[in-house]
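Peer 1: File target_19.cif below, mmCIF, C-alpha atoms:
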```cif
data_structure
loop_
_atom_site.label_atom_id
_atom_site.label_comp_id
_atom_site.auth_asym_id
_atom_site.auth_seq_id
_atom_site.Cartn_x
_atom_site.Cartn_y
_atom_site.Cartn_z
CA MET A 1 107.65 138.90 208.54
CA HIS A 2 104.81 139.94 210.82
CA THR A 3 106.11 143.55 210.95
CA PHE A 4 106.52 143.60 207.17
CA LEU A 5 102.93 142.42 206.70
CA ILE A 6 101.59 145.12 209.03
CA GLU A 7 103.61 147.82 207.21
CA LEU A 8 102.42 146.53 203.83
CA VAL A 9 98.78 146.56 204.91
CA THR A 10 99.20 150.04 206.42
CA CYS A 11 100.64 151.35 203.13
CA LEU A 12 97.82 149.75 201.15
CA ASN A 13 95.27 151.22 203.54
CA THR A 14 96.79 154.70 203.15
CA LEU A 15 96.73 154.34 199.36
CA ASN A 16 93.16 153.06 199.58
CA GLU A 17 92.07 156.12 201.56
CA LEU A 18 93.68 158.45 199.00
CA ILE A 19 91.97 156.69 196.08
CA PHE A 20 88.50 156.66 197.62
CA SER A 21 88.65 160.01 199.41
CA PRO A 22 87.05 162.01 196.51
CA LEU A 23 84.37 159.33 196.03
CA ASP A 24 83.63 159.31 199.77
CA GLY A 25 82.95 163.03 199.62
CA VAL A 26 80.51 162.56 196.74
CA ILE A 27 78.64 159.75 198.52
CA GLU A 28 78.41 161.73 201.77
CA LYS A 29 76.77 164.62 199.88
CA LEU A 30 74.09 162.39 198.36
CA PRO A 31 70.54 162.82 199.74
CA ILE A 32 70.63 159.46 201.55
CA ALA A 33 70.64 158.41 205.20
CA GLU A 34 73.99 158.50 207.02
CA TRP A 35 73.84 154.79 207.87
CA LEU A 36 73.37 153.96 204.17
CA ALA A 37 76.25 156.21 203.08
CA ASP A 38 78.51 154.60 205.71
CA ALA A 39 77.57 151.12 204.48
CA ILE A 40 78.41 152.01 200.86
CA ILE A 41 81.70 153.69 201.80
CA ASP A 42 82.82 150.86 204.11
CA SER A 43 82.03 148.24 201.45
CA LEU A 44 83.80 150.15 198.66
CA HIS A 45 86.94 150.49 200.78
CA MET A 46 87.15 146.69 200.98
CA LEU A 47 87.27 146.23 197.18
CA PRO A 48 91.03 146.63 196.53
CA PHE A 49 91.96 144.44 199.50
CA LEU A 50 89.52 141.73 198.46
CA PHE A 51 90.83 141.68 194.90
CA ILE A 52 94.49 141.46 195.98
CA ILE A 53 93.69 138.69 198.48
CA PHE A 54 91.71 136.68 195.91
CA VAL A 55 94.49 137.03 193.32
CA VAL A 56 97.00 135.63 195.84
CA ILE A 57 94.61 132.78 196.70
CA GLU A 58 94.11 132.00 193.01
CA LEU A 59 97.87 131.87 192.42
CA VAL A 60 98.32 129.44 195.31
CA GLU A 61 95.45 127.26 194.03
CA TYR A 62 96.91 127.31 190.52
CA PHE A 63 100.35 126.10 191.54
CA TYR A 64 99.29 123.69 194.29
CA SER A 65 95.92 122.36 193.12
CA ASN A 66 97.42 119.08 191.91
CA LYS A 67 98.83 118.49 195.38
CA MET A 68 95.35 118.60 196.96
CA ASN A 69 94.70 115.01 195.96
CA ASN A 70 97.79 113.96 197.93
CA LEU A 71 95.68 114.21 201.09
CA ALA A 72 94.71 110.60 200.41
CA LYS A 73 98.31 109.54 201.02
CA PHE A 74 98.07 110.82 204.60
CA SER A 75 94.66 109.32 205.26
CA SER A 76 95.70 106.76 207.86
CA LYS A 77 97.44 108.69 210.64
CA ALA A 78 98.31 112.21 209.53
CA GLY A 79 95.04 112.87 207.65
CA PRO A 80 93.35 115.15 210.23
CA PHE A 81 96.63 117.02 210.81
CA VAL A 82 97.38 117.64 207.12
CA GLY A 83 93.73 118.27 206.32
CA SER A 84 93.15 120.84 209.06
CA LEU A 85 96.33 122.78 208.20
CA ALA A 86 95.68 122.78 204.46
CA ALA A 87 92.00 123.72 204.82
CA SER A 88 92.85 126.71 207.04
CA PHE A 89 94.14 128.46 203.92
CA PRO A 90 91.22 130.63 202.70
CA GLN A 91 89.98 128.80 199.62
CA CYS A 92 86.91 126.69 198.91
CA GLY A 93 88.65 124.09 196.72
CA PHE A 94 90.01 121.96 199.52
CA SER A 95 86.63 121.11 201.06
CA VAL A 96 85.41 120.15 197.56
CA ILE A 97 88.41 117.88 196.99
CA ALA A 98 88.15 116.38 200.49
CA SER A 99 84.46 115.57 199.97
CA THR A 100 85.24 113.85 196.68
CA LEU A 101 88.10 111.86 198.25
CA TYR A 102 85.78 110.78 201.07
CA THR A 103 83.06 109.58 198.70
CA LYS A 104 85.71 107.33 197.11
CA ARG A 105 86.70 106.21 200.64
CA LEU A 106 90.25 107.47 200.13
CA ILE A 107 90.23 109.49 203.37
CA THR A 108 88.69 108.85 206.77
CA LYS A 109 85.64 110.46 208.30
CA GLY A 110 87.91 112.18 210.85
CA THR A 111 90.01 113.73 208.08
CA LEU A 112 86.91 115.00 206.29
CA ILE A 113 85.46 116.53 209.48
CA ALA A 114 88.86 118.11 210.26
CA VAL A 115 88.87 119.75 206.82
CA TYR A 116 85.31 121.03 207.25
CA LEU A 117 85.99 122.44 210.72
CA SER A 118 89.17 124.20 209.64
CA THR A 119 87.69 125.73 206.48
CA SER A 120 86.65 129.37 206.91
CA ASP A 121 85.18 130.09 203.48
CA GLU A 122 85.25 133.91 203.02
CA ALA A 123 85.88 134.83 206.68
CA ILE A 124 89.64 135.40 206.43
CA PRO A 125 89.52 137.59 203.26
CA VAL A 126 86.75 139.71 204.83
CA ILE A 127 88.80 140.25 208.00
CA LEU A 128 91.98 140.95 206.01
CA SER A 129 90.11 143.56 203.97
CA GLU A 130 89.72 145.58 207.18
CA PRO A 131 93.33 146.44 208.14
CA THR A 132 92.41 147.46 211.71
CA LYS A 133 91.02 143.94 212.37
CA ILE A 134 93.95 141.85 211.06
CA TYR A 135 94.99 140.91 214.60
CA LEU A 136 91.85 138.74 214.79
CA VAL A 137 93.02 136.35 212.05
CA VAL A 138 95.67 134.41 214.02
CA PRO A 139 93.56 133.52 217.10
CA LEU A 140 90.63 132.59 214.87
CA LEU A 141 92.74 130.29 212.67
CA ILE A 142 94.59 128.68 215.58
CA THR A 143 91.33 128.00 217.46
CA LYS A 144 89.70 126.40 214.42
CA ILE A 145 92.79 124.27 213.67
CA VAL A 146 92.96 123.00 217.27
CA ILE A 147 89.24 122.11 217.20
CA ALA A 148 89.70 120.36 213.84
CA LEU A 149 92.71 118.36 215.06
CA VAL A 150 91.07 117.19 218.28
CA ALA A 151 87.75 116.34 216.62
CA GLY A 152 89.37 114.66 213.61
CA TYR A 153 91.55 112.31 215.66
CA LEU A 154 88.78 111.53 218.16
CA ILE A 155 86.40 110.60 215.35
CA ASP A 156 88.97 108.33 213.69
CA PHE A 157 89.76 106.74 217.06
CA ILE A 158 86.12 106.17 218.06
CA ILE A 159 84.39 105.71 214.69
CA ASP A 160 86.99 104.28 212.34
CA TYR A 161 84.57 103.20 209.63
CA LYS A 162 87.12 103.26 206.83
CA HIS A 163 86.68 100.60 204.21
CA LYS A 164 90.09 99.11 203.52
CA LEU A 165 90.71 99.52 199.83
CA THR A 166 93.18 97.34 198.00
CA LYS A 167 96.03 99.13 196.23
CA GLU A 168 94.30 98.51 192.89
CA GLU A 169 90.99 99.94 194.16
CA ALA A 170 92.74 103.00 195.62
CA ASP A 171 94.68 103.64 192.40
CA LYS A 172 91.51 103.31 190.35
CA ALA A 173 89.59 105.70 192.63
CA SER A 174 92.44 108.24 192.53
CA ALA A 175 92.57 108.06 188.73
CA GLU A 176 88.80 108.67 188.53
CA ILE A 177 89.11 111.77 190.71
CA LEU A 178 91.95 113.15 188.60
CA GLU A 179 89.81 112.70 185.48
CA GLU A 180 86.83 114.51 187.00
CA THR A 181 86.57 118.31 186.96
CA GLN A 182 85.99 119.61 190.48
CA GLU A 183 84.23 122.96 190.52
CA GLY A 184 84.61 125.55 193.26
CA CYS A 185 82.89 128.89 193.71
CA CYS A 186 81.99 130.86 190.55
CA HIS A 187 82.28 127.50 188.70
CA HIS A 188 86.08 127.73 188.50
CA HIS A 189 88.09 124.49 188.28
CA VAL A 190 89.89 123.63 191.52
CA ASN A 191 91.75 120.52 190.35
CA LYS A 192 92.32 121.53 186.72
CA PRO A 193 93.21 125.22 186.94
CA ARG A 194 93.15 127.37 183.84
CA LYS A 195 95.47 130.34 183.25
CA ARG A 196 92.54 132.54 182.28
CA ASP A 197 91.15 132.10 185.81
CA LEU A 198 94.22 133.72 187.39
CA LEU A 199 92.62 137.15 186.95
CA LEU A 200 89.08 136.43 185.76
CA HIS A 201 88.09 134.34 188.77
CA PRO A 202 89.48 136.78 191.40
CA LEU A 203 87.69 139.61 189.58
CA GLU A 204 84.39 137.73 189.42
CA HIS A 205 84.75 136.51 193.00
CA THR A 206 85.58 140.02 194.25
CA VAL A 207 82.41 141.40 192.64
CA ASN A 208 80.26 138.60 194.09
CA VAL A 209 81.69 138.96 197.60
CA PHE A 210 81.45 142.76 197.40
CA VAL A 211 77.73 142.51 196.57
CA PHE A 212 77.19 140.18 199.55
CA ILE A 213 79.16 142.50 201.84
CA LEU A 214 77.26 145.57 200.61
CA ILE A 215 73.84 143.96 201.14
CA ILE A 216 74.74 142.57 204.57
CA THR A 217 76.40 145.83 205.69
CA ILE A 218 73.38 147.88 204.60
CA ALA A 219 71.04 145.55 206.50
CA LEU A 220 73.29 145.56 209.58
CA ASN A 221 73.74 149.35 209.58
CA TYR A 222 69.99 149.85 209.24
CA PHE A 223 69.39 147.49 212.17
CA ILE A 224 72.01 149.33 214.28
CA HIS A 225 70.36 152.64 213.33
CA ARG A 226 66.95 151.35 214.40
CA ILE A 227 68.10 150.07 217.79
CA GLY A 228 70.04 153.22 218.64
CA GLY A 229 73.69 152.24 218.15
CA GLU A 230 76.20 149.36 218.24
CA GLU A 231 76.27 149.40 222.04
CA ASN A 232 72.72 147.98 222.03
CA LEU A 233 73.51 145.10 219.68
CA GLY A 234 74.25 142.62 222.46
CA GLN A 235 70.77 142.56 223.93
CA TYR A 236 69.17 142.02 220.50
CA MET A 237 71.66 139.36 219.36
CA LEU A 238 71.35 137.12 222.46
CA GLY A 239 74.71 138.30 223.78
CA ASN A 240 76.29 135.96 226.38
CA SER A 241 73.47 133.49 225.73
CA VAL A 242 74.05 129.80 225.01
CA PHE A 243 71.65 130.16 222.08
CA GLN A 244 73.94 132.49 220.12
CA PRO A 245 76.62 129.88 219.20
CA ILE A 246 73.84 127.34 218.56
CA ILE A 247 72.13 129.65 216.07
CA THR A 248 75.38 130.58 214.28
CA ALA A 249 76.38 126.90 214.05
CA ILE A 250 73.04 126.02 212.42
CA ALA A 251 73.32 129.00 210.06
CA GLY A 252 76.86 127.99 209.13
CA LEU A 253 75.63 124.72 207.63
CA ILE A 254 74.06 126.65 204.73
CA PRO A 255 76.50 126.08 201.83
CA ASN A 256 76.82 129.68 200.68
CA CYS A 257 79.66 132.14 201.24
CA ALA A 258 77.11 134.84 202.14
CA ILE A 259 76.58 133.05 205.46
CA SER A 260 80.26 133.09 206.46
CA ILE A 261 80.45 136.75 205.36
CA ALA A 262 77.41 137.63 207.50
CA ILE A 263 78.77 135.78 210.55
CA THR A 264 82.16 137.48 210.16
CA LEU A 265 80.69 140.96 209.76
CA LEU A 266 78.47 140.42 212.81
CA TYR A 267 81.60 139.53 214.78
CA LEU A 268 83.55 142.54 213.49
CA LYS A 269 80.64 144.79 214.52
CA GLY A 270 80.57 143.27 217.99
CA ALA A 271 77.12 141.74 217.51
CA ILE A 272 78.29 138.21 218.33
CA GLY A 273 81.10 136.89 220.51
CA PHE A 274 84.24 134.89 219.74
CA GLY A 275 82.57 131.60 220.68
CA SER A 276 79.71 132.31 218.29
CA VAL A 277 81.92 133.25 215.34
CA ILE A 278 83.94 130.06 215.92
CA SER A 279 80.82 127.86 216.02
CA GLY A 280 79.43 129.51 212.89
CA LEU A 281 82.67 129.28 210.90
CA CYS A 282 83.43 125.72 212.07
CA SER A 283 80.14 124.45 210.65
CA SER A 284 80.57 126.52 207.48
CA ALA A 285 82.13 123.93 205.18
CA GLY A 286 81.10 125.73 202.01
CA LEU A 287 80.62 123.84 198.76
CA GLY A 288 82.07 120.68 200.30
CA ILE A 289 78.64 119.96 201.80
CA LEU A 290 76.94 120.16 198.39
CA VAL A 291 79.55 117.81 196.88
CA LEU A 292 79.00 115.34 199.72
CA PHE A 293 75.23 115.32 199.13
CA LYS A 294 75.77 114.90 195.40
CA LYS A 295 78.44 112.19 195.40
CA ASN A 296 78.13 110.23 198.64
CA THR A 297 76.28 106.98 197.97
CA SER A 298 74.86 106.85 201.50
CA LEU A 299 72.47 109.67 202.40
CA LYS A 300 72.39 108.34 205.98
CA ASP A 301 76.18 108.68 206.20
CA THR A 302 76.00 112.23 204.84
CA PHE A 303 73.50 113.25 207.53
CA LYS A 304 75.71 111.62 210.19
CA ILE A 305 78.62 113.79 209.04
CA LEU A 306 76.46 116.94 209.13
CA LEU A 307 75.21 116.05 212.61
CA LEU A 308 78.79 115.50 213.83
CA LEU A 309 79.86 118.80 212.29
CA LEU A 310 76.95 120.63 213.91
CA ILE A 311 77.43 119.09 217.38
CA ILE A 312 81.20 119.76 217.40
CA SER A 313 80.68 123.35 216.23
CA MET A 314 77.97 124.02 218.83
CA PHE A 315 79.94 122.43 221.67
CA SER A 316 83.12 124.32 220.74
CA GLY A 317 81.30 127.65 220.54
CA ILE A 318 79.49 127.16 223.85
CA LEU A 319 82.71 126.07 225.59
CA ILE A 320 84.69 129.04 224.26
CA GLN A 321 81.91 131.44 225.18
CA ALA A 322 81.78 130.02 228.73
CA VAL A 323 85.56 130.45 229.10
CA TYR A 324 85.50 134.00 227.70
CA ASN A 325 82.64 135.02 229.97
#
```
So that I can check it, write out the structure of this file as structure tokens.

Peer 2:
Amino acid sequence: MHTFLIELVTCLNTLNELIFSPLDGVIEKLPIAEWLADAIIDSLHMLPFLFIIFVVIELVEYFYSNKMNNLAKFSSKAGPFVGSLAASFPQCGFSVIASTLYTKRLITKGTLIAVYLSTSDEAIPVILSEPTKIYLVVPLLITKIVIALVAGYLIDFIIDYKHKLTKEEADKASAEILEETQEGCCHHHVNKPRKRDLLLHPLEHTVNVFVFILIITIALNYFIHRIGGEENLGQYMLGNSVFQPIITAIAGLIPNCAISIAITLLYLKGAIGFGSVISGLCSSAGLGILVLFKKNTSLKDTFKILLLLLIISMFSGILIQAVYN
């Protein structure tokens, strides 16, 4: 399966190069700086991969969205395990659903944190859109899942706040969630999928992510140009410093996919280390954070969850960086 995937990606990459080769020549001849031309070319080459990846993600969401609410059934013991595995799949809907389930007290705090830590927002699609970097996906996913599992179970063991709902209360809360329309990125429905979104949402999402990638790549290439090359990035980005994973963890809390894209691109360019990309992507829970602020009745509890998420992300990043160094 792994060999087949590599061969498929290699074929797609070859086809991609053939399609964009004439356009690359035109862009290179434009009266613009080399770093700007490279940024435009690199971003354009990601487009087909991004669209294919988002179509696959949309298909999975369409056929399995109704099963997302089943996380509540595993809330007692297997919640962090099921939550961390499910959330590792690159889609924003699960963190939204998990936040809603938590506000109804259908899942534990540990399960919610496990989902947040395991979610990677747009990181995986961005890495997959660069065929030469695909080998980074597995270690990144495994590391985040392990962190999510350990943190989730520790939180449930130490801070088991869960209000014990009666069967009637739980059934009523579940019915309310099923009636509500949960919106993910681009305002698409994550729990009530529509057939029209199978192509429209991936197309819209591809355009949005491409714009973010283009802007971030242009800014990053300009910065690299100004400092004299990628080899000098480390000294400007606090390389090997304890502050790097702290900064990325804080940045990751911003509920916008542009942040996870920026963190991922910085990692792919070698500007930040593995510990820093892990800390930034662990704290990047996407739209789930906004849903928690909107629906959680206790603002104090919401801030406690954010603080836990931030501390775990920082600690994990610093620990990984120390081991790598």

Peer 1: Name the residues that the PyMOL selection byres ((chain A and resi 108-124) around 8) picks from the file above, as a PDB file with C-alpha atoms, in the coordinates of the input, using the file's chain letters and numbers.

Peer 2:
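For reference, selection-v8.pdb as written:
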```
ATOM      1  CA  SER A  75      94.660 109.320 205.260  1.00  0.00           C
ATOM      2  CA  SER A  76      95.700 106.760 207.860  1.00  0.00           C
ATOM      3  CA  GLY A  79      95.040 112.870 207.650  1.00  0.00           C
ATOM      4  CA  PRO A  80      93.350 115.150 210.230  1.00  0.00           C
ATOM      5  CA  PHE A  81      96.630 117.020 210.810  1.00  0.00           C
ATOM      6  CA  GLY A  83      93.730 118.270 206.320  1.00  0.00           C
ATOM      7  CA  SER A  84      93.150 120.840 209.060  1.00  0.00           C
ATOM      8  CA  LEU A  85      96.330 122.780 208.200  1.00  0.00           C
ATOM      9  CA  ALA A  86      95.680 122.780 204.460  1.00  0.00           C
ATOM     10  CA  ALA A  87      92.000 123.720 204.820  1.00  0.00           C
ATOM     11  CA  SER A  88      92.850 126.710 207.040  1.00  0.00           C
ATOM     12  CA  PHE A  89      94.140 128.460 203.920  1.00  0.00           C
ATOM     13  CA  PRO A  90      91.220 130.630 202.700  1.00  0.00           C
ATOM     14  CA  GLN A  91      89.980 128.800 199.620  1.00  0.00           C
ATOM     15  CA  CYS A  92      86.910 126.690 198.910  1.00  0.00           C
ATOM     16  CA  PHE A  94      90.010 121.960 199.520  1.00  0.00           C
ATOM     17  CA  SER A  95      86.630 121.110 201.060  1.00  0.00           C
ATOM     18  CA  ALA A  98      88.150 116.380 200.490  1.00  0.00           C
ATOM     19  CA  SER A  99      84.460 115.570 199.970  1.00  0.00           C
ATOM     20  CA  TYR A 102      85.780 110.780 201.070  1.00  0.00           C
ATOM     21  CA  ARG A 105      86.700 106.210 200.640  1.00  0.00           C
ATOM     22  CA  LEU A 106      90.250 107.470 200.130  1.00  0.00           C
ATOM     23  CA  ILE A 107      90.230 109.490 203.370  1.00  0.00           C
ATOM     24  CA  PRO A 125      89.520 137.590 203.260  1.00  0.00           C
ATOM     25  CA  VAL A 126      86.750 139.710 204.830  1.00  0.00           C
ATOM     26  CA  ILE A 127      88.800 140.250 208.000  1.00  0.00           C
ATOM     27  CA  LEU A 128      91.980 140.950 206.010  1.00  0.00           C
ATOM     28  CA  VAL A 137      93.020 136.350 212.050  1.00  0.00           C
ATOM     29  CA  LEU A 141      92.740 130.290 212.670  1.00  0.00           C
ATOM     30  CA  LYS A 144      89.700 126.400 214.420  1.00  0.00           C
ATOM     31  CA  ILE A 145      92.790 124.270 213.670  1.00  0.00           C
ATOM     32  CA  ILE A 147      89.240 122.110 217.200  1.00  0.00           C
ATOM     33  CA  ALA A 148      89.700 120.360 213.840  1.00  0.00           C
ATOM     34  CA  LEU A 149      92.710 118.360 215.060  1.00  0.00           C
ATOM     35  CA  ALA A 151      87.750 116.340 216.620  1.00  0.00           C
ATOM     36  CA  GLY A 152      89.370 114.660 213.610  1.00  0.00           C
ATOM     37  CA  TYR A 153      91.550 112.310 215.660  1.00  0.00           C
ATOM     38  CA  LEU A 154      88.780 111.530 218.160  1.00  0.00           C
ATOM     39  CA  ILE A 155      86.400 110.600 215.350  1.00  0.00           C
ATOM     40  CA  ASP A 156      88.970 108.330 213.690  1.00  0.00           C
ATOM     41  CA  ASP A 160      86.990 104.280 212.340  1.00  0.00           C
ATOM     42  CA  TYR A 161      84.570 103.200 209.630  1.00  0.00           C
ATOM     43  CA  LYS A 162      87.120 103.260 206.830  1.00  0.00           C
ATOM     44  CA  CYS A 257      79.660 132.140 201.240  1.00  0.00           C
ATOM     45  CA  SER A 260      80.260 133.090 206.460  1.00  0.00           C
ATOM     46  CA  ILE A 261      80.450 136.750 205.360  1.00  0.00           C
ATOM     47  CA  THR A 264      82.160 137.480 210.160  1.00  0.00           C
ATOM     48  CA  LEU A 281      82.670 129.280 210.900  1.00  0.00           C
ATOM     49  CA  CYS A 282      83.430 125.720 212.070  1.00  0.00           C
ATOM     50  CA  SER A 283      80.140 124.450 210.650  1.00  0.00           C
ATOM     51  CA  SER A 284      80.570 126.520 207.480  1.00  0.00           C
ATOM     52  CA  ALA A 285      82.130 123.930 205.180  1.00  0.00           C
ATOM     53  CA  GLY A 286      81.100 125.730 202.010  1.00  0.00           C
ATOM     54  CA  GLY A 288      82.070 120.680 200.300  1.00  0.00           C
ATOM     55  CA  ILE A 305      78.620 113.790 209.040  1.00  0.00           C
ATOM     56  CA  LEU A 309      79.860 118.800 212.290  1.00  0.00           C
ATOM     57  CA  SER A 313      80.680 123.350 216.230  1.00  0.00           C
TER      58      SER A 313
END
```

Peer 1: For the atom pair CA of Ile159 (chain A) and CA of Leu319 (chain A), what is the interatomic distance in Å to one decimal place?

Peer 2: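 A separation of 23.2 Å between them.
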
Peer 1: Around (78.2, 121.4, 213.7), as given in the file, which residues come within 8 Å? Count all atoms listed in the file and list them as a PyMOL selection string.

Peer 2: chain A and resi 249-250+253+279+282-283+306-314

Peer 1: Given the file shown, determine the residues that the PyMOL selection byres ((chain A and resi 50) around 9) selects; report them as number ranges by chain.

Peer 2: A: 46-49, 51-55, 125-126, 128-129, 202, 205-206, 209-210

Peer 1: Of the residues A:Val207, A:Ile142, A:Ile259, A:Val323, which is the one nearest to Ser43 (chain A), using all atoms listed in the file?

Peer 2: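 Using all atoms listed in the file, Ser43 (chain A) sits closest to A:Val207.
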
Peer 1: Report the residues retrieved by the PyMOL selection byres ((chain A and resi 273) around 9) from the displayed file, expressed as an MDAnalysis selection string.

Peer 2: chainID A and resid 239:240 244:245 266:267 270:272 274:278 321 324

Peer 1: Name the closest residue to Leu214 (chain A) among the candidates A:Ile32, A:Leu140, A:Ala262, A:Val150; distances are taken between atoms, counting only C-alpha atoms.

Peer 2: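 Going through A:Ile32, A:Leu140, A:Ala262, A:Val150 one by one, the smallest distance to Leu214 (chain A) is for A:Ala262.
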
Peer 1: Can you tell me how far CA of Ile247 (chain A) sits from CA of Gly317 (chain A), in Å to one decimal?

Peer 2: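 Result for CA of Ile247 (chain A) versus CA of Gly317 (chain A): 10.4 Å, one decimal.
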
Peer 1: Go through A:Leu198, A:Leu30, A:Ala78, A:Ala39 and flag the residue nearest Glu58 (chain A), using only C-alpha atoms for the distances.

Peer 2: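 Between A:Leu198, A:Leu30, A:Ala78, A:Ala39, the residue approaching Glu58 (chain A) most closely is A:Leu198.
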
Peer 1: Can you measure CA of Val291 (chain A) to CA of Glu204 (chain A) for me? One decimal in Å is fine.

Peer 2: 21.8 Å

Peer 1: Return the single residue from A:Ile57, A:Gly25, A:Thr248, A:Trp35 that is closest to Arg226 (chain A), with distances computed using all atoms listed in the file.

Peer 2: A:Trp35

Peer 1: Closest to Asn232 (chain A) among A:Lys77, A:His201, A:Lys269, A:Lys304, using only C-alpha atoms?

Peer 2: A:Lys269

Peer 1: Centre and edge lengths of an axis-aligned box around all listed atoms of region 239-246 of chain A, with 4 Å added on each side, are to be given in Å to one decimal, as lines of an AutoDock Vina configuration file.

Peer 2:
```
center_x = 74.1
center_y = 132.8
center_z = 222.5
size_x = 13.0
size_y = 19.0
size_z = 15.8
```

Peer 1: Which one is closest to Leu265 (chain A): A:Ile227, A:Leu23, A:Ala37, A:Ile213? Count all atoms listed in the file.

Peer 2: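 Of the candidates, the smallest distance to Leu265 (chain A) is held by A:Ile213.
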
Peer 1: Would you kindly place all heavy atoms on region 46-52 of chain A and return the model as a CSV table (one decimal), in the frame of the given file?

Peer 2:
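The file below, selection-v9.csv, is the result:
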```
chain,number,residue,atom,x,y,z
A,46,MET,N,86.7,148.1,200.9
A,46,MET,CA,87.2,146.7,201.0
A,46,MET,C,87.6,146.1,199.6
A,46,MET,O,88.3,145.2,199.5
A,46,MET,CB,86.1,145.8,201.5
A,46,MET,CG,85.8,145.9,203.0
A,46,MET,SD,84.5,144.7,203.6
A,46,MET,CE,84.6,144.9,205.3
A,47,LEU,N,87.1,146.8,198.5
A,47,LEU,CA,87.3,146.2,197.2
A,47,LEU,C,88.7,145.9,196.8
A,47,LEU,O,89.0,144.8,196.4
A,47,LEU,CB,86.6,147.2,196.2
A,47,LEU,CG,85.2,146.9,195.7
A,47,LEU,CD1,84.7,148.0,194.8
A,47,LEU,CD2,85.1,145.5,195.0
A,48,PRO,N,89.6,146.9,196.9
A,48,PRO,CA,91.0,146.6,196.5
A,48,PRO,C,91.7,145.5,197.3
A,48,PRO,O,92.4,144.7,196.8
A,48,PRO,CB,91.7,148.0,196.8
A,48,PRO,CG,90.7,149.0,196.8
A,48,PRO,CD,89.5,148.3,197.4
A,49,PHE,N,91.4,145.5,198.7
A,49,PHE,CA,92.0,144.4,199.5
A,49,PHE,C,91.4,143.1,199.1
A,49,PHE,O,92.2,142.1,199.0
A,49,PHE,CB,91.6,144.7,201.0
A,49,PHE,CG,92.4,145.8,201.6
A,49,PHE,CD1,91.9,147.1,201.7
A,49,PHE,CD2,93.7,145.7,202.0
A,49,PHE,CE1,92.6,148.2,202.2
A,49,PHE,CE2,94.4,146.7,202.6
A,49,PHE,CZ,93.9,148.0,202.7
A,50,LEU,N,90.1,143.0,198.9
A,50,LEU,CA,89.5,141.7,198.5
A,50,LEU,C,90.1,141.2,197.2
A,50,LEU,O,90.5,140.0,197.0
A,50,LEU,CB,88.0,141.9,198.3
A,50,LEU,CG,87.2,142.0,199.6
A,50,LEU,CD1,85.7,142.4,199.2
A,50,LEU,CD2,87.2,140.8,200.4
A,51,PHE,N,90.3,142.1,196.2
A,51,PHE,CA,90.8,141.7,194.9
A,51,PHE,C,92.3,141.2,195.0
A,51,PHE,O,92.6,140.1,194.5
A,51,PHE,CB,90.8,142.8,193.9
A,51,PHE,CG,91.3,142.5,192.5
A,51,PHE,CD1,90.7,141.6,191.7
A,51,PHE,CD2,92.5,143.0,192.1
A,51,PHE,CE1,91.2,141.2,190.5
A,51,PHE,CE2,93.0,142.7,190.8
A,51,PHE,CZ,92.4,141.8,190.0
A,52,ILE,N,93.1,141.9,195.8
A,52,ILE,CA,94.5,141.5,196.0
A,52,ILE,C,94.5,140.1,196.7
A,52,ILE,O,95.3,139.2,196.3
A,52,ILE,CB,95.3,142.5,196.8
A,52,ILE,CG1,95.4,143.8,196.0
A,52,ILE,CG2,96.6,142.0,197.2
A,52,ILE,CD1,96.0,145.0,196.8
```
